[in-house]
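Data block for my_file-v9.cif (mmCIF, C-alpha atoms):
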```cif
data_query
loop_
_atom_site.label_atom_id
_atom_site.label_comp_id
_atom_site.auth_asym_id
_atom_site.auth_seq_id
_atom_site.Cartn_x
_atom_site.Cartn_y
_atom_site.Cartn_z
CA MET E 268 172.72 75.78 141.91
CA LYS E 269 169.41 75.27 143.70
CA ILE E 270 170.37 74.20 147.16
CA SER E 271 166.80 73.47 148.18
CA SER E 272 166.53 70.69 145.63
CA VAL E 273 169.79 69.21 146.87
CA ILE E 274 168.61 69.37 150.47
CA GLY E 275 165.32 67.84 149.44
CA LEU E 276 167.11 64.95 147.86
CA ILE E 277 169.21 64.35 150.94
CA LEU E 278 166.17 64.27 153.19
CA PHE E 279 164.67 61.35 151.35
CA ILE E 280 167.34 59.08 152.69
CA TYR E 281 166.12 59.37 156.26
CA PRO E 282 163.19 57.00 156.20
CA PHE E 283 165.65 54.39 155.07
CA LEU E 284 168.28 55.21 157.65
CA ALA E 285 166.26 56.18 160.69
CA SER E 286 165.13 52.70 161.50
CA THR E 287 168.59 51.21 161.23
CA GLN E 288 170.75 53.28 163.54
CA THR E 289 171.11 55.64 166.47
CA PHE E 290 171.58 59.35 165.85
CA LYS E 291 173.96 61.41 167.94
CA LYS E 292 173.82 65.18 168.19
CA GLY E 293 176.63 66.97 166.36
CA GLU E 294 177.53 64.05 164.09
CA GLY E 295 177.26 64.22 160.32
CA SER E 296 179.07 64.43 157.00
CA GLU E 297 180.69 67.06 154.85
CA PHE E 298 180.31 66.80 151.06
CA LEU E 299 182.08 68.40 148.14
CA MET E 300 179.46 69.67 145.77
CA LYS E 301 179.92 70.37 142.08
CA SER E 302 177.38 72.00 139.80
CA ASN E 303 177.95 73.63 136.43
CA GLY E 304 181.60 74.28 137.20
CA GLN E 305 180.85 75.70 140.65
CA ARG E 306 182.22 74.12 143.80
CA ALA E 307 180.88 74.35 147.31
CA LYS E 308 180.73 72.40 150.53
CA LEU E 309 177.59 70.98 152.02
CA SER E 310 177.58 69.82 155.62
CA ILE E 311 174.74 67.77 157.07
CA TYR E 312 174.58 66.98 160.76
CA VAL E 313 172.22 66.07 163.59
CA SER E 314 171.12 69.25 165.36
CA SER E 315 168.84 67.64 167.95
CA ILE E 316 167.48 64.25 168.86
CA THR E 317 164.63 63.17 171.10
CA LYS E 318 162.54 59.99 171.21
CA LYS E 319 159.98 61.50 168.84
CA ASN E 320 161.93 64.07 166.84
CA LEU E 321 165.08 64.29 164.80
CA GLY E 322 166.62 67.63 163.89
CA ILE E 323 168.89 67.81 160.86
CA GLU E 324 170.80 70.95 159.94
CA PHE E 325 172.35 71.71 156.56
CA HIS E 326 175.15 74.20 156.01
CA PHE E 327 175.96 75.32 152.51
CA GLY E 328 179.12 77.34 152.16
CA THR E 329 181.36 78.78 149.51
CA GLY E 330 184.52 80.59 150.36
CA ASP E 331 186.94 80.90 147.48
CA LEU E 332 186.50 84.54 146.54
CA PHE E 333 183.14 85.55 147.90
CA VAL E 334 182.15 83.92 151.15
CA SER E 335 178.56 82.84 151.51
CA ASN E 336 176.84 80.86 154.22
CA MET E 337 173.37 79.42 154.46
CA TRP E 338 171.84 77.15 157.06
CA GLN E 339 168.60 75.22 156.98
CA GLN E 340 167.27 73.07 159.78
CA PHE E 341 164.45 70.56 159.61
CA SER E 342 162.66 68.81 162.41
CA MET E 343 161.28 65.39 161.57
CA SER E 344 158.93 63.21 163.54
CA LEU E 345 160.28 59.77 164.26
CA ASN E 346 157.73 57.02 164.20
CA GLU E 347 158.73 53.44 163.66
CA GLU E 348 155.54 52.49 161.86
CA ALA E 349 154.90 55.55 159.74
CA PRO E 350 157.33 57.23 157.34
CA ILE E 351 159.25 60.25 158.58
CA LYS E 352 157.47 63.57 158.20
CA ILE E 353 158.99 67.05 158.25
CA THR E 354 157.25 69.00 161.00
CA SER E 355 159.14 72.29 160.81
CA GLY E 356 161.89 74.04 158.91
CA TYR E 357 164.10 77.06 159.58
CA PHE E 358 166.30 79.23 157.38
CA LYS E 359 169.27 81.39 158.28
CA ALA E 360 171.55 83.35 155.94
CA SER E 361 173.67 85.20 158.50
CA LEU E 362 174.86 84.44 162.01
CA SER E 363 174.00 87.97 163.06
CA ARG E 364 170.33 87.58 162.12
CA PRO E 365 167.74 85.35 163.82
CA PRO E 366 166.53 82.22 162.01
CA GLU E 367 163.31 82.45 160.02
CA LYS E 368 160.57 79.86 160.15
CA MET E 369 159.88 78.21 156.81
CA SER E 370 156.45 77.46 155.48
CA GLU E 371 155.68 73.93 154.35
CA LYS E 372 155.75 74.90 150.66
CA HIS E 373 159.46 75.65 150.99
CA PHE E 374 160.31 72.16 152.22
CA TYR E 375 160.14 70.79 148.72
CA SER E 376 161.45 71.41 145.26
CA ASN E 377 158.60 71.07 142.79
CA LYS E 378 160.44 69.59 139.82
CA GLY E 379 162.10 66.24 139.33
CA VAL E 380 162.72 63.82 142.16
CA GLN E 381 160.71 64.97 145.18
CA ILE E 382 161.33 64.64 148.87
CA HIS E 383 157.87 63.23 149.39
CA ASP E 384 158.66 60.50 146.87
CA PHE E 385 160.69 59.11 149.72
CA LEU E 386 159.58 60.82 152.91
CA PHE E 387 156.03 59.59 152.70
CA SER E 388 156.87 56.11 151.63
CA LYS E 389 158.07 53.12 153.58
CA SER E 390 161.77 52.29 153.68
CA SER E 391 161.01 49.04 151.86
CA ASP E 392 159.84 51.14 148.89
CA ILE E 393 163.35 52.47 148.47
CA GLU E 394 164.68 48.94 148.08
CA LYS E 395 163.09 48.72 144.65
CA ASP E 396 165.62 51.33 143.50
CA TYR E 397 168.56 49.18 144.63
CA ILE E 398 171.03 48.43 141.85
CA GLY E 399 173.91 46.67 143.60
CA ASP E 400 176.97 46.95 145.81
CA GLU E 401 179.77 48.96 144.25
CA LYS E 402 183.27 50.11 145.12
CA ILE E 403 183.34 53.89 145.34
CA GLU E 404 186.65 55.72 145.20
CA LEU E 405 186.64 59.09 146.89
CA ILE E 406 189.39 61.62 147.42
CA SER E 407 189.18 60.78 151.09
CA GLY E 408 189.09 56.98 150.81
CA THR E 409 187.48 53.94 149.21
CA LEU E 410 184.23 52.32 150.28
CA ILE E 411 181.87 49.55 149.26
CA ALA E 412 178.43 51.17 149.05
CA LYS E 413 174.90 50.28 147.99
CA HIS E 414 173.92 51.90 144.72
CA TYR E 415 170.33 53.17 144.24
CA ARG E 416 168.75 54.97 141.29
CA LYS E 417 165.66 57.15 141.34
CA LYS E 418 164.03 58.68 138.26
CA SER E 419 161.33 61.32 138.01
CA ASP E 420 160.33 63.97 135.48
CA GLY E 421 163.53 63.77 133.46
CA GLN E 422 165.79 63.73 136.52
CA VAL E 423 167.92 60.69 137.26
CA VAL E 424 169.49 60.46 140.69
CA ASP E 425 172.14 57.86 141.44
CA TYR E 426 173.17 57.63 145.07
CA TRP E 427 175.38 55.37 147.10
CA ILE E 428 174.81 54.54 150.77
CA SER E 429 177.12 52.89 153.29
CA SER E 430 176.49 51.99 156.92
CA LYS E 431 180.15 52.80 157.60
CA VAL E 432 179.64 56.55 157.23
CA MET E 433 176.73 57.01 159.58
CA PRO E 434 174.71 58.84 160.72
CA ILE E 435 174.18 60.42 157.28
CA GLY E 436 175.16 57.30 155.35
CA LEU E 437 175.44 59.04 152.00
CA VAL E 438 178.71 58.38 150.16
CA LYS E 439 178.00 59.90 146.77
CA LEU E 440 175.11 61.36 144.81
CA VAL E 441 174.91 62.24 141.12
CA SER E 442 171.86 64.05 139.78
CA LYS E 443 171.32 64.52 136.05
CA SER E 444 168.50 66.25 134.25
CA HIS E 445 168.04 67.20 130.64
CA LYS E 446 165.08 69.41 131.57
CA ILE E 447 166.36 71.53 134.45
CA ASN E 448 169.96 72.65 134.41
CA SER E 449 170.12 73.24 138.17
CA ASN E 450 169.34 69.55 138.72
CA ASN E 451 172.75 68.66 137.29
CA TYR E 452 175.09 68.32 140.24
CA SER E 453 177.08 65.85 142.28
CA LEU E 454 177.96 65.34 145.92
CA GLU E 455 180.92 63.40 147.23
CA LEU E 456 181.71 62.59 150.84
CA ASN E 457 184.71 64.60 152.02
CA SER E 458 184.81 63.94 155.74
CA LEU E 459 182.78 62.82 158.71
CA LEU E 460 181.80 65.50 161.20
CA ARG E 461 181.76 65.36 164.99
CA ASN E 462 180.65 67.83 167.68
CA VAL E 463 179.08 70.39 165.35
CA LYS E 464 177.11 73.13 167.08
CA PRO E 465 173.86 73.96 165.26
CA ALA E 466 173.72 77.51 163.91
CA ILE E 467 169.93 77.62 164.21
CA ASP E 468 168.12 77.81 167.53
CA PRO E 469 164.44 77.18 166.66
CA SER E 470 163.31 78.89 169.87
CA LYS E 471 164.68 82.17 168.50
CA ALA E 472 163.00 81.88 165.12
CA ILE E 473 160.98 84.79 163.75
CA PRO E 474 158.32 84.70 161.01
CA MET E 475 159.83 84.61 157.54
CA SER E 476 160.27 87.98 155.84
CA GLN E 477 158.78 88.56 152.42
CA SER E 478 162.23 88.97 150.85
CA THR E 479 163.42 85.59 152.21
CA SER E 480 160.16 83.99 151.16
CA ASN E 481 160.64 85.36 147.63
CA LEU E 482 164.18 84.03 147.63
CA LEU E 483 163.03 80.54 148.61
CA ASP E 484 160.13 80.74 146.15
CA SER E 485 162.62 81.24 143.36
CA ALA E 486 164.69 78.34 144.66
CA THR E 487 161.83 75.88 144.94
CA THR E 488 160.15 76.66 141.66
CA LYS E 489 161.47 76.32 138.17
CA MET T 24 249.85 52.29 136.52
CA LYS T 25 249.97 51.90 140.30
CA PHE T 26 249.20 55.56 140.64
CA LEU T 27 246.23 55.17 138.31
CA LEU T 28 244.88 52.30 140.41
CA ILE T 29 245.21 54.36 143.59
CA VAL T 30 243.35 57.22 141.95
CA LEU T 31 240.58 54.87 140.78
CA VAL T 32 240.21 53.32 144.25
CA PHE T 33 240.16 56.78 145.77
CA LEU T 34 237.51 57.98 143.33
CA ALA T 35 235.38 54.86 143.92
CA SER T 36 235.52 55.31 147.68
CA PHE T 37 234.70 58.99 147.25
CA VAL T 38 231.63 58.14 145.17
CA LEU T 39 230.54 55.52 147.72
CA GLU T 40 230.98 58.00 150.54
CA ALA T 41 228.99 60.61 148.62
CA LYS T 42 226.23 58.07 148.02
CA SER T 43 226.24 57.18 151.69
CA VAL T 44 225.96 60.85 152.65
CA SER T 45 223.10 61.33 150.17
CA LYS T 46 221.32 58.28 151.55
CA ARG T 47 221.70 59.58 155.09
CA LYS T 48 220.30 62.93 153.97
CA VAL T 49 217.35 61.23 152.27
CA ASP T 50 216.72 59.08 155.37
CA ASP T 51 216.91 62.16 157.54
CA LEU T 52 214.50 64.04 155.27
CA GLU T 53 212.11 61.10 155.22
CA GLN T 54 212.10 60.98 159.00
CA ARG T 55 211.44 64.70 159.18
CA ILE T 56 208.62 64.39 156.64
CA GLU T 57 207.10 61.56 158.67
CA VAL T 58 207.19 63.69 161.83
CA LEU T 59 205.63 66.62 159.95
CA GLU T 60 202.92 64.38 158.46
CA LYS T 61 202.03 63.19 161.96
CA LYS T 62 201.88 66.79 163.17
CA VAL T 63 199.63 67.80 160.25
CA GLU T 64 197.42 64.76 160.84
CA ALA T 65 197.08 65.73 164.50
CA LEU T 66 196.11 69.27 163.52
CA VAL T 67 193.69 68.30 160.77
CA GLY T 68 191.93 65.46 162.52
CA SER T 69 191.85 61.72 162.78
CA LYS T 70 190.57 59.13 160.30
CA SER T 71 187.74 56.68 160.61
CA VAL T 72 188.06 52.94 160.04
CA THR T 73 187.14 53.53 156.40
CA GLY T 74 190.01 55.96 155.95
CA ILE T 75 187.57 58.86 155.69
CA ARG T 76 188.82 61.87 157.63
CA ILE T 77 186.96 62.85 160.79
CA LYS T 78 186.64 66.55 161.53
CA ASP T 79 185.99 67.52 165.12
CA SER T 80 184.21 70.90 165.21
CA LYS T 81 184.73 71.13 168.99
CA ASN T 82 181.23 72.47 169.51
CA GLU T 83 181.71 75.31 167.01
CA ILE T 84 179.23 76.43 164.37
CA ILE T 85 180.27 75.49 160.83
CA GLN T 86 180.68 78.51 158.61
CA ALA T 87 182.62 79.32 155.47
CA GLY T 88 185.26 82.01 155.36
CA VAL T 89 186.20 81.85 159.04
CA LEU T 90 189.73 80.65 159.70
CA GLY T 91 189.66 77.46 161.66
CA ARG T 92 185.94 76.97 161.43
CA GLY T 93 184.99 77.01 157.80
CA THR T 94 184.14 74.02 155.74
CA ALA T 95 184.78 75.92 152.56
CA SER T 96 187.69 78.05 153.66
CA GLY T 97 190.16 75.24 153.34
CA SER T 98 191.48 75.73 156.87
CA GLU T 99 190.86 73.08 159.48
CA LEU T 100 192.51 74.75 162.49
CA SER T 101 190.46 75.33 165.60
CA ALA T 102 190.51 78.60 167.52
CA ASP T 103 192.78 77.03 170.17
CA GLN T 104 195.22 75.80 167.55
CA GLN T 105 195.27 79.25 165.95
CA ALA T 106 195.94 80.85 169.33
CA GLU T 107 198.80 78.43 169.93
CA ILE T 108 200.33 79.25 166.54
CA TYR T 109 200.01 83.01 167.14
CA LYS T 110 201.66 82.55 170.55
CA LYS T 111 204.57 80.69 168.95
CA ILE T 112 204.93 83.43 166.34
CA GLU T 113 204.98 86.06 169.08
CA ASN T 114 207.62 84.08 171.01
CA PHE T 115 209.68 83.77 167.85
CA LYS T 116 209.45 87.52 167.22
CA GLU T 117 210.43 88.23 170.82
CA ASN T 118 213.45 85.91 170.65
CA GLN T 119 214.47 87.40 167.32
CA SER T 120 214.26 90.87 168.79
CA LYS T 121 216.43 89.83 171.77
CA SER T 122 219.00 88.26 169.45
CA GLN T 123 219.11 91.39 167.34
CA LYS T 124 219.56 93.53 170.42
CA LEU T 125 222.41 91.35 171.64
CA LEU T 126 224.03 91.48 168.20
CA ASP T 127 223.76 95.27 168.15
CA GLU T 128 225.38 95.49 171.56
CA LEU T 129 228.25 93.27 170.47
CA MET T 130 228.74 95.34 167.32
CA ASN T 131 228.84 98.54 169.36
CA GLU T 132 231.42 97.06 171.71
CA ASP T 133 233.67 96.11 168.81
CA PHE T 134 233.59 99.55 167.27
#
```

For this file, produce the structure as structure tokens.
Amino acid sequence: MKISSVIGLILFIYPFLASTQTFKKGEGSEFLMKSNGQRAKLSIYVSSITKKNLGIEFHFGTGDLFVSNMWQQFSMSLNEEAPIKITSGYFKASLSRPPEKMSEKHFYSNKGVQIHDFLFSKSSDIEKDYIGDEKIELISGTLIAKHYRKKSDGQVVDYWISSKVMPIGLVKLVSKSHKINSNNYSLELNSLLRNVKPAIDPSKAIPMSQSTSNLLDSATTK
Amino acid sequence: MKFLLIVLVFLASFVLEAKSVSKRKVDDLEQRIEVLEKKVEALVGSKSVTGIRIKDSKNEIIQAGVLGRGTASGSELSADQQAEIYKKIENFKENQSKSQKLLDELMNEDF
């Protein structure tokens, strides 16, 4: 499961959402993630908010037999006229170690649907992918959500958005690819999050080690 | 014949009484389940208008594999709630120990 590609996909939603609502620090969503028989939980929440910047942190955790944690935090510039742009990114694999600053090449997955397909486009561009309003049944409840579909390089991403589950807004996401196996996964909203403390403090970030860089290289390339 | 009728009436009333007792037990169990469900709901978290559960992290970092904090551990208890449960367990152990001591004393007095 390539978490970076999942995170990349999530980030694309922000140009669409940012202009429509107010973000509050510590609020977000927790998703159940399934990929090739594996299950995990992905939490996405607002780590910081200023007039010009929005910080979003991702936590990816598995804990059935072998516990693993990974956090990534992205800072995005908020500008009403221009699309959102990622200005910095941080990676952390253990609470006992300081966060590491990511280089720009690690912000994106280089196969299939890309973050910049969305991040550097206007929110109105996303509307062309709109399919219709649909009733989505989740384990945690039932919602009417807007269905969108994005296709690129053999990857088809269906995602459903609802203004009732803000600030993240994502209800469900299904990614399918006949080319890249790791692009076959699904996310389903499990619960809404409140008062989450970010694990990453950007002021304590150190330059990325070669081993972490190699790890992210393998995650962002085929 | 009269005797048979009396027996039948008696049996019928017995069955009705048994049913009534069963119903009371079911009602009682349902009430207890309802109370427990409310307690669990209070521990786990509230729900939003959409019915989607809301988890309050109480300004804690989300991490898997940590009781009360993990998103993948399956537990939703906060550190305070855990502390409260441990305290109750300790109280229970203490009371059990006192009861046992009292029982031992009574046994010694008898013999």

Using only C-alpha atoms, determine which residues of chain T fall within 8 Å of chain E; present them as a PyMOL selection string. chain T and resi 73-88+94-96

Mind giving me the straight-line distance from CA of Ile323 (chain E) to CA of Ser363 (chain E) in Å, one decimal? 20.9 Å

Near region 343-345 of chain E, within 7 Å and counting all atoms listed in the file, which residues show up once chain neighbours fewer than 4 positions away are dropped, as a list in words?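 After dropping sequence-adjacent residues, the list is Lys319, Asn320, Leu321, Gly322, Ile351, Lys352, Ile353 and Thr354 of chain E.
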
Which centre and which edge lengths, in Å to one decimal, describe the axis-aligned box that holds all listed atoms of region 71-81 of chain T after 6 Å is added on each side, as AutoDock Vina command-line options?
```
--center_x 187.1 --center_y 62.0 --center_z 162.3 --size_x 17.8 --size_y 30.2 --size_z 25.3
```

Spatial neighbours of Ala412 (chain E), 7 Å, only C-alpha atoms, chain gap at least 4 places, as an MDAnalysis selection string: chainID E and resid 400:403 427:429

Mind pulling up the distance from CA of Asp420 (chain E) to CA of Lys395 (chain E)? 18.0 Å

Mind giving me the straight-line distance from CA of Tyr397 (chain E) to CA of Tyr415 (chain E) in Å, one decimal?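 Separation of CA of Tyr397 (chain E) and CA of Tyr415 (chain E): 4.4 Å.
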
Around the point (156.8, 79.9, 155.1) in the file's coordinates, collect all residues with an atom within 12 Å, using only C-alpha atoms, and return them as a list in words.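 The answer, in the requested form, is Ser355, Gly356, Tyr357, Phe358, Glu367, Lys368, Met369, Ser370, Glu371, Lys372, His373, Phe374, Tyr375, Ala472, Ile473, Pro474, Met475, Ser476, Gln477, Ser478, Thr479, Ser480, Asn481, Leu482, Leu483 and Asp484 of chain E.
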
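Nearest to Asn303 (chain E) of all the residues E:Ser442, E:Gln340, E:Thr317, E:Ser430 is E:Ser442, based on only C-alpha atoms.
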
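Those residues returned by the PyMOL selection byres ((chain E and resi 449-454) around 7) for this file are E:Met268, E:Lys269, E:Phe298, E:Leu299, E:Met300, E:Lys301, E:Ser302, E:Lys439, E:Leu440, E:Val441, E:Ser442, E:Lys443, E:Ser444, E:Ile447, E:Asn448, E:Glu455, E:Leu456.
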
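Taking only C-alpha atoms into account, the polymer residues that have an atom no farther than 8 Å from (165.6, 73.6, 168.9) are Ser314, Ser315, Gly322, Ile467, Asp468, Pro469 and Ser470 of chain E.
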
If you keep C-alpha atoms, can you produce a file of those selected residues as a PDB file, in the coordinates of the input?
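Contents of out-v2.pdb, freshly written:
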```pdb
ATOM      1  CA  SER E 314     171.120  69.250 165.360  1.00  0.00           C
ATOM      2  CA  SER E 315     168.840  67.640 167.950  1.00  0.00           C
ATOM      3  CA  GLY E 322     166.620  67.630 163.890  1.00  0.00           C
ATOM      4  CA  ILE E 467     169.930  77.620 164.210  1.00  0.00           C
ATOM      5  CA  ASP E 468     168.120  77.810 167.530  1.00  0.00           C
ATOM      6  CA  PRO E 469     164.440  77.180 166.660  1.00  0.00           C
ATOM      7  CA  SER E 470     163.310  78.890 169.870  1.00  0.00           C
TER       8      SER E 470
END
```
